[in-house]
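**Q** If you scroll down you'll find the structure; I have some questions about it.
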Amino acid sequence: MRRRRSWVMLDEHVERHRMRTTGLTSRTLTALRARRPYPAVTITLPTHRREPYRAEDTVRLRNLVAEAKHRLEADPDVPREARYDIGEQLDRALADVDLRYALDSLVILAAKGEYEVWTLSRTAPERLVFSDTFLTRNLVAARERTRPYWVLAVAVDRTTLWGGSDGTLQEERAAGFPLMPEPAFNQDVERKERIGDVPGPYDDEGTHTYLRQVDTALDSLLATDPRPLHLVGLAPALSLLEEVGSANKAAVSKVTKGGLTNGPARALADALRPALAEQTARHTERVLERIGQAQGRRAFAAGLEEIWQVGKEGRIELLAVEEHYQRTVRVTGEHLTPVDPEETSPAELGTAVLEDIVDEIIETTLDRGGEVAFVPDDSLDAHERIAAVLRF
């Protein structure tokens, strides 16, 4: 099995060029959640963005890796070859970690022949888990909360693709982007210019061919990694793209502004801000409307404990959560009791105490085919900050 390595950050404010990054796509998550020969090792660690706590993070991380190696040695179910291989993967992962660029938590995944390193802008408990699958709930919840989207900046001479999250952007090289038209070659241009027979940039067949290629690449991108799509460009360029293809019809907004195919990211983000705000408002309105309809037909649940129960039963069609809602709870039988995370020991986390029951509910909902929608804080005050539309 080929070794895989990736530093992936779900926070666009970090200087991403300093390390290798890839997008946390649905396909990536599916691959990470696949069963593996025992053991698939997961290490999660809360981290700090500033000194002096980073020195403590380094010590805690090294201790967790050492504990993982000790468990590999002591576990009779781990074959000798896997023991050495996974130990090496953990060493490689540790060497890749640079806590100068830490966010709020770190996730290391290691199995025979592979490892992954992820840093997240959401906290995670300190845990070491051996299983036949990786523990991915923190990755799932982080991806859902960042609500990634695509931005296609279109012009007749160049089209670029940008990945967005929470209003910040990073140019992406995927699905063939950036794309540019083939150079035109016409020895008779001077004569055509004299008689006024030179087509404009939007009439030229080469431009039509190029934008068909853009449409094909966009279609491929959305098929493999579907996200909300925003189009940016001059009105004639966007109109011609619509005329020659169909993939662009998936766009949730069109911003008619040129000169942004090369960014910079900040200028492109500024141009998009009104469209993103409008999309958020429409999204929230649709979610609240579905919740109101569900209440009317009594296919509705609200509050942590009730939603935790219906989620385990696979009954959630739509889960609506306020963006910054988190809650640490103690599980006692079929009941949840809120606790202060500062008053719980690391040994309790993941067993008697769940660091964030909201993240657990999110992953359970997605695992069972439900939809998760985040809405602005205070949108669900009447429903204890979390609500669900039920299938039955």
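By order in the structure tokens, chains are A, B, ...; within a chain, residues start at 1; ligands start at 1, following the order shown.
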Segment 202-351 of chain A: which residues are alpha helix (DSSP H) by DSSP, as JSON, numbers by chain?
**A** {"A": [205, 206, 207, 208, 209, 210, 211, 212, 213, 214, 215, 216, 217, 218, 219, 220, 221, 222, 223, 224, 235, 236, 237, 238, 239, 240, 241, 242, 243, 244, 265, 266, 267, 268, 269, 270, 271, 272, 273, 274, 275, 276, 277, 278, 279, 280, 281, 282, 283, 284, 285, 286, 287, 288, 289, 290, 291, 292, 293, 294, 295, 296, 304, 305, 306, 307, 308, 309, 310, 311, 312]}
**Q** With a distance cut-off of 12 Å and only C-alpha atoms, select the neighbouring residues of Thr136 of chain A, excluding the residue or stretch itself and same-chain residues fewer than 6 positions from it, and output the selection as a ChimeraX atom specification.
**A** /A:24,28-34,40-44,107-109,116,118,120,124,129,142-143,359-360,362-364,366-367
**Q** Find the spatial neighbours of Leu99 of chain A, counting only C-alpha atoms, within a cut-off of 9 Å - ignore same-chain residues fewer than 6 positions away - and output them as an mmCIF file with all heavy atoms, in the first residue's frame.
**A**
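Result went into result.cif, see below:
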data_model
loop_
_atom_site.group_PDB
_atom_site.id
_atom_site.type_symbol
_atom_site.label_atom_id
_atom_site.label_comp_id
_atom_site.auth_asym_id
_atom_site.auth_seq_id
_atom_site.Cartn_x
_atom_site.Cartn_y
_atom_site.Cartn_z
ATOM 1 N N THR A 47 -4.886 21.647 20.614
ATOM 2 C CA THR A 47 -3.648 22.412 20.470
ATOM 3 C C THR A 47 -3.928 23.900 20.648
ATOM 4 O O THR A 47 -5.076 24.319 20.733
ATOM 5 C CB THR A 47 -3.014 22.168 19.086
ATOM 6 O OG1 THR A 47 -3.987 22.421 18.065
ATOM 7 C CG2 THR A 47 -2.513 20.733 18.961
ATOM 8 N N HIS A 48 -2.853 24.656 20.687
ATOM 9 C CA HIS A 48 -2.958 26.093 20.932
ATOM 10 C C HIS A 48 -2.302 26.859 19.797
ATOM 11 O O HIS A 48 -1.275 26.440 19.257
ATOM 12 C CB HIS A 48 -2.285 26.469 22.259
ATOM 13 C CG HIS A 48 -2.904 25.785 23.448
ATOM 14 N ND1 HIS A 48 -2.557 24.514 23.837
ATOM 15 C CD2 HIS A 48 -3.876 26.196 24.304
ATOM 16 C CE1 HIS A 48 -3.280 24.163 24.895
ATOM 17 N NE2 HIS A 48 -4.083 25.161 25.200
ATOM 18 N N ARG A 49 -2.880 28.003 19.457
ATOM 19 C CA ARG A 49 -2.351 28.811 18.353
ATOM 20 C C ARG A 49 -1.205 29.709 18.787
ATOM 21 O O ARG A 49 -0.519 30.273 17.943
ATOM 22 C CB ARG A 49 -3.480 29.669 17.763
ATOM 23 C CG ARG A 49 -4.654 28.852 17.246
ATOM 24 C CD ARG A 49 -5.653 29.736 16.545
ATOM 25 N NE ARG A 49 -6.835 28.981 16.121
ATOM 26 C CZ ARG A 49 -7.444 29.158 14.961
ATOM 27 N NH1 ARG A 49 -6.989 30.037 14.109
ATOM 28 N NH2 ARG A 49 -8.519 28.450 14.651
ATOM 29 N N ARG A 54 2.316 26.035 23.241
ATOM 30 C CA ARG A 54 2.750 25.113 22.197
ATOM 31 C C ARG A 54 3.824 24.147 22.691
ATOM 32 O O ARG A 54 3.893 23.012 22.237
ATOM 33 C CB ARG A 54 3.265 25.899 20.993
ATOM 34 C CG ARG A 54 2.138 26.486 20.167
ATOM 35 C CD ARG A 54 2.683 27.200 18.957
ATOM 36 N NE ARG A 54 1.604 27.864 18.233
ATOM 37 C CZ ARG A 54 1.773 28.911 17.452
ATOM 38 N NH1 ARG A 54 2.975 29.421 17.299
ATOM 39 N NH2 ARG A 54 0.758 29.451 16.815
ATOM 40 N N ALA A 55 4.677 24.602 23.591
ATOM 41 C CA ALA A 55 5.699 23.702 24.142
ATOM 42 C C ALA A 55 5.029 22.544 24.872
ATOM 43 O O ALA A 55 5.455 21.383 24.746
ATOM 44 C CB ALA A 55 6.626 24.467 25.085
ATOM 45 N N ASP A 57 2.040 21.398 24.146
ATOM 46 C CA ASP A 57 1.436 20.574 23.100
ATOM 47 C C ASP A 57 2.447 19.580 22.544
ATOM 48 O O ASP A 57 2.119 18.411 22.279
ATOM 49 C CB ASP A 57 0.910 21.453 21.960
ATOM 50 C CG ASP A 57 -0.249 22.349 22.389
ATOM 51 O OD1 ASP A 57 -0.840 22.078 23.451
ATOM 52 O OD2 ASP A 57 -0.554 23.295 21.654
ATOM 53 N N THR A 58 3.683 20.030 22.337
ATOM 54 C CA THR A 58 4.726 19.147 21.798
ATOM 55 C C THR A 58 4.967 17.974 22.727
ATOM 56 O O THR A 58 5.059 16.814 22.283
ATOM 57 C CB THR A 58 6.033 19.936 21.599
ATOM 58 O OG1 THR A 58 5.795 21.008 20.679
ATOM 59 C CG2 THR A 58 7.136 19.042 21.058
#
**Q** When you draw a straight line from atom CA of Ala102 of chain A to atom CA of Thr25 of chain A, how long is it in Å?
**A**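 It comes out at 21.2 Å.
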**Q** Here is a test: counting only C-alpha atoms, which residue of A:Arg273, A:Arg122, A:Arg315, A:Arg227 is nearest to Asp356 of chain A?
**A**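 The answer is A:Arg122, which sits nearest to Asp356 of chain A.
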**Q** Between atom CA of Leu45 of chain A and atom CA of Arg60 of chain A, measure the distance and give it in Å to one decimal.
**A**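 Atom CA of Arg60 of chain A lies at a distance of 8.1 Å from atom CA of Leu45 of chain A.
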